[in-house]
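Raw contents of start_8.csv, CSV, C-alpha atoms:
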```csv
chain,number,residue,atom,x,y,z
A,8,MET,CA,65.7,-127.8,243.7
A,9,LYS,CA,64.4,-129.5,240.5
A,10,LYS,CA,60.9,-129.6,242.0
A,11,ILE,CA,60.9,-125.9,242.7
A,12,LEU,CA,62.1,-125.0,239.2
A,13,LEU,CA,59.4,-127.3,237.7
A,14,LEU,CA,56.7,-125.7,239.9
A,15,ALA,CA,57.9,-122.2,238.9
A,16,ALA,CA,57.8,-123.1,235.2
A,17,VAL,CA,54.2,-124.4,235.6
A,18,ALA,CA,53.2,-121.3,237.5
A,19,LEU,CA,54.7,-119.0,234.8
A,20,THR,CA,53.0,-121.0,232.0
A,21,LEU,CA,49.6,-120.7,233.7
A,22,ALA,CA,50.0,-117.0,234.4
A,23,SER,CA,50.9,-116.3,230.8
A,24,CYS,CA,47.9,-118.2,229.5
A,25,GLN,CA,45.6,-116.2,231.8
A,26,SER,CA,46.9,-112.9,230.6
A,27,LYS,CA,46.4,-113.8,226.9
A,28,THR,CA,42.8,-114.9,227.6
A,29,ASP,CA,42.1,-111.6,229.4
A,30,LYS,CA,43.5,-109.7,226.4
A,31,ASN,CA,41.3,-111.7,223.9
A,32,VAL,CA,38.2,-111.0,226.0
A,33,ASP,CA,39.0,-107.3,226.1
A,34,ALA,CA,39.5,-107.3,222.3
A,35,ILE,CA,36.2,-108.9,221.6
A,36,ALA,CA,34.4,-106.7,224.0
A,37,GLY,CA,35.8,-103.6,222.3
A,38,ALA,CA,35.1,-104.8,218.8
A,39,ASP,CA,33.7,-102.4,216.3
A,40,THR,CA,30.0,-103.1,215.9
A,41,SER,CA,29.9,-101.4,212.5
A,42,ALA,CA,32.4,-103.9,211.1
A,43,ILE,CA,30.2,-106.7,212.4
A,44,ALA,CA,27.1,-105.1,210.8
A,45,ALA,CA,29.0,-104.7,207.5
A,46,ASN,CA,30.0,-108.3,207.5
A,47,ALA,CA,26.3,-109.3,208.1
A,48,ASP,CA,25.3,-107.1,205.2
A,49,SER,CA,27.8,-108.8,202.9
A,50,VAL,CA,26.5,-112.2,203.9
A,51,LYS,CA,22.9,-111.1,203.1
A,52,ALA,CA,24.0,-109.8,199.7
A,53,GLU,CA,25.8,-113.1,199.0
A,54,ALA,CA,22.6,-115.0,199.9
A,55,ILE,CA,20.5,-112.8,197.6
A,56,ARG,CA,22.9,-113.5,194.7
A,57,HIS,CA,22.6,-117.2,195.3
A,58,THR,CA,18.8,-117.1,195.1
A,59,ASP,CA,19.1,-116.0,191.5
A,60,GLY,CA,20.9,-119.3,190.6
A,61,PRO,CA,19.7,-122.4,188.8
A,62,VAL,CA,17.2,-124.7,190.5
A,63,LEU,CA,17.1,-128.4,189.5
A,64,THR,CA,13.5,-129.7,189.6
A,65,PHE,CA,12.8,-133.3,188.8
A,66,GLU,CA,9.4,-134.6,187.7
A,67,ASN,CA,10.0,-137.5,190.1
A,68,THR,CA,13.0,-138.8,192.0
A,69,ASN,CA,12.0,-142.4,192.3
A,70,TYR,CA,11.3,-144.9,189.5
A,71,TYR,CA,9.8,-148.2,190.4
A,72,PHE,CA,10.7,-150.7,187.7
A,73,GLY,CA,8.5,-153.5,189.1
A,74,LYS,CA,9.5,-157.2,189.0
A,75,ILE,CA,12.1,-158.3,186.5
A,76,GLU,CA,14.1,-161.4,185.7
A,77,LYS,CA,17.7,-161.7,186.9
A,78,GLY,CA,20.0,-160.4,184.2
A,79,GLU,CA,17.6,-157.9,182.6
A,80,LYS,CA,18.6,-154.3,182.1
A,81,VAL,CA,16.3,-151.4,183.1
A,82,SER,CA,16.7,-148.0,181.4
A,83,TYR,CA,14.9,-144.9,182.7
A,84,SER,CA,15.2,-141.1,181.9
A,85,PHE,CA,14.7,-138.9,184.9
A,86,LYS,CA,13.1,-135.7,183.4
A,87,PHE,CA,13.9,-132.3,185.0
A,88,ILE,CA,13.5,-128.6,184.4
A,89,ASN,CA,15.8,-125.7,185.4
A,90,THR,CA,13.3,-123.6,187.3
A,91,GLY,CA,16.0,-121.1,188.3
A,92,LYS,CA,17.2,-117.9,186.8
A,93,MET,CA,20.7,-119.0,185.6
A,94,PRO,CA,22.0,-121.9,183.4
A,95,LEU,CA,22.1,-125.2,185.1
A,96,ILE,CA,25.3,-127.4,184.8
A,97,ILE,CA,25.1,-131.0,186.1
A,98,THR,CA,28.6,-131.7,187.1
A,99,ASP,CA,28.3,-135.4,188.2
A,100,ALA,CA,26.0,-138.3,188.9
A,101,ILE,CA,27.4,-141.0,191.1
A,102,ALA,CA,25.7,-144.4,191.5
A,103,THR,CA,25.9,-146.6,194.6
A,104,CYS,CA,27.4,-149.5,192.6
A,105,GLY,CA,28.8,-150.4,189.2
A,106,CYS,CA,25.5,-152.1,188.1
A,107,THR,CA,23.9,-148.6,187.8
A,108,VAL,CA,25.2,-146.2,185.1
A,109,PRO,CA,24.0,-142.6,184.9
A,110,GLU,CA,24.5,-140.4,181.9
A,111,ILE,CA,24.4,-136.6,182.5
A,112,PRO,CA,23.6,-133.9,179.9
A,113,LYS,CA,26.8,-132.4,178.5
A,114,GLU,CA,25.5,-128.9,177.8
A,115,PRO,CA,24.2,-126.3,180.3
A,116,ILE,CA,20.4,-126.3,180.7
A,117,LYS,CA,19.0,-122.7,180.3
A,118,PRO,CA,16.4,-121.3,182.6
A,119,GLY,CA,13.0,-122.8,181.8
A,120,GLN,CA,14.5,-125.5,179.7
A,121,ALA,CA,14.0,-129.3,180.2
A,122,GLY,CA,16.5,-132.0,180.2
A,123,GLU,CA,17.0,-135.7,181.0
A,124,LEU,CA,19.3,-137.7,183.1
A,125,ASN,CA,19.5,-141.3,181.7
A,126,VAL,CA,20.2,-144.3,184.0
A,127,VAL,CA,20.7,-147.9,183.1
A,128,PHE,CA,20.5,-150.6,185.8
A,129,ASN,CA,21.9,-154.1,185.0
A,130,SER,CA,20.4,-156.7,187.3
A,131,ALA,CA,23.0,-159.4,186.5
A,132,GLY,CA,24.1,-161.0,189.8
A,133,LYS,CA,21.3,-159.3,191.8
A,134,THR,CA,18.2,-160.9,193.5
A,135,GLY,CA,15.4,-159.6,195.7
A,136,ARG,CA,14.4,-156.1,196.4
A,137,GLN,CA,16.7,-153.4,195.0
A,138,ASP,CA,17.0,-149.7,195.7
A,139,LYS,CA,19.8,-148.2,193.6
A,140,THR,CA,20.7,-144.5,194.4
A,141,VAL,CA,22.2,-142.0,192.0
A,142,SER,CA,23.5,-138.8,193.7
A,143,VAL,CA,23.3,-135.8,191.3
A,144,ARG,CA,25.7,-132.9,191.8
A,145,SER,CA,25.2,-129.5,190.0
A,146,ASN,CA,25.6,-125.8,190.3
A,147,ALA,CA,22.0,-125.5,191.4
A,148,LEU,CA,20.8,-124.0,194.7
A,149,ASN,CA,19.6,-127.5,195.6
A,150,SER,CA,22.9,-129.0,194.5
A,151,ALA,CA,22.6,-132.4,196.1
A,152,ILE,CA,19.7,-134.6,194.9
A,153,GLU,CA,19.3,-138.3,195.1
A,154,LEU,CA,17.4,-140.4,192.5
A,155,HIS,CA,16.2,-143.9,193.2
A,156,LEU,CA,15.6,-146.9,191.0
A,157,THR,CA,13.6,-149.5,193.0
A,158,GLY,CA,12.1,-152.9,192.2
A,159,GLU,CA,12.5,-156.6,192.7
A,160,ILE,CA,14.5,-159.1,190.8
A,161,LYS,CA,13.2,-162.7,190.5
A,162,GLU,CA,15.5,-165.7,190.6
```
Any chance you could give the structure as structure tokens?
Amino acid sequence: MKKILLLAAVALTLASCQSKTDKNVDAIAGADTSAIAANADSVKAEAIRHTDGPVLTFENTNYYFGKIEKGEKVSYSFKFINTGKMPLIITDAIATCGCTVPEIPKEPIKPGQAGELNVVFNSAGKTGRQDKTVSVRSNALNSAIELHLTGEIKE
């Protein structure tokens, strides 16, 4: 008796799943194509608005500091320009380790205006080839940019 009740419950569950699936397929097939087109138009309009935003353009994204002695500090200013049409705000710059300290500009950078992102690398406790990365986050269309400080530390 228990087996029959279990089989009946499983059969009812499968039957109810099938009917819901058929209803979903019918709903999708009968969807209003004008609503879909309107949604596509709003996505296009949003994309156009975003093309008018700020663009962060660095002169270079890699600085080779050469060979230095262990314990030396290296400072470099990555120069950039806002080549977009709206003010640029650099929200954060995150280094891969505590030995590299970035300093971002505090004020918004107007369109066409230049700025600098200063980075200091402390080689204390490091040896050999180094590639320190700074990830820059901003409100720019190209919002995620990586800067690199590379070089070699002699013993």
(request) Record the distance separating atom CA of A:Glu79 and atom CA of A:Ile152, expressed in Å with one decimal. (result)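 Interatomic distance, atom CA of A:Glu79 to atom CA of A:Ile152: 26.4 Å.
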(request) Please identify all polymer residues within 9 Å of A:Glu76, counting only C-alpha atoms, omitting same-chain residues fewer than 6 positions from it, and present them as a list in words. (result) Ser130, Thr134, Glu159, Ile160, Lys161 and Glu162 of chain A
(request) Go through A:Pro94, A:Gly158, A:Gly78, A:Gly119 one by one, measure the shortest atom-to-atom distance of each to A:Gln137 using all atoms listed in the file, and give the residue with the smallest value. (result)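 Among A:Pro94, A:Gly158, A:Gly78, A:Gly119, it is A:Gly158 that comes nearest to A:Gln137.
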(request) Take the point (18.2, -150.8, 192.5) in the file's coordinates, draw a sphere of radius 8 Å around it, and report as a ChimeraX atom specification every protein, DNA or RNA residue with an atom inside or on it, counting only C-alpha atoms. (result) /A:107,128,136-140,155-158
(request) Could you tell me which of A:Ala131, A:Gly105, A:Ala151, A:Thr68 comes closest to A:Ser84 if we count only C-alpha atoms? (result)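 Among the listed residues, A:Thr68 lies closest to A:Ser84.
Between A:Lys86 and the candidates A:Ala147, A:Glu66, A:Glu153, A:Lys113, the tightest atom-to-atom separation, counting only C-alpha atoms, involves A:Glu66.
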(request) Measure the distance from atom CA of A:Asp99 to atom CA of A:Phe85 in Å and round it to one decimal. (result) 14.4 Å
(message) For A:Thr90, find every residue with an atom within 12 Å (counting all atoms listed in the file), except residues of its own chain fewer than 3 positions away, and show them as a ChimeraX atom specification.
(response) /A:58-66,87,93-95,116-122,147-149
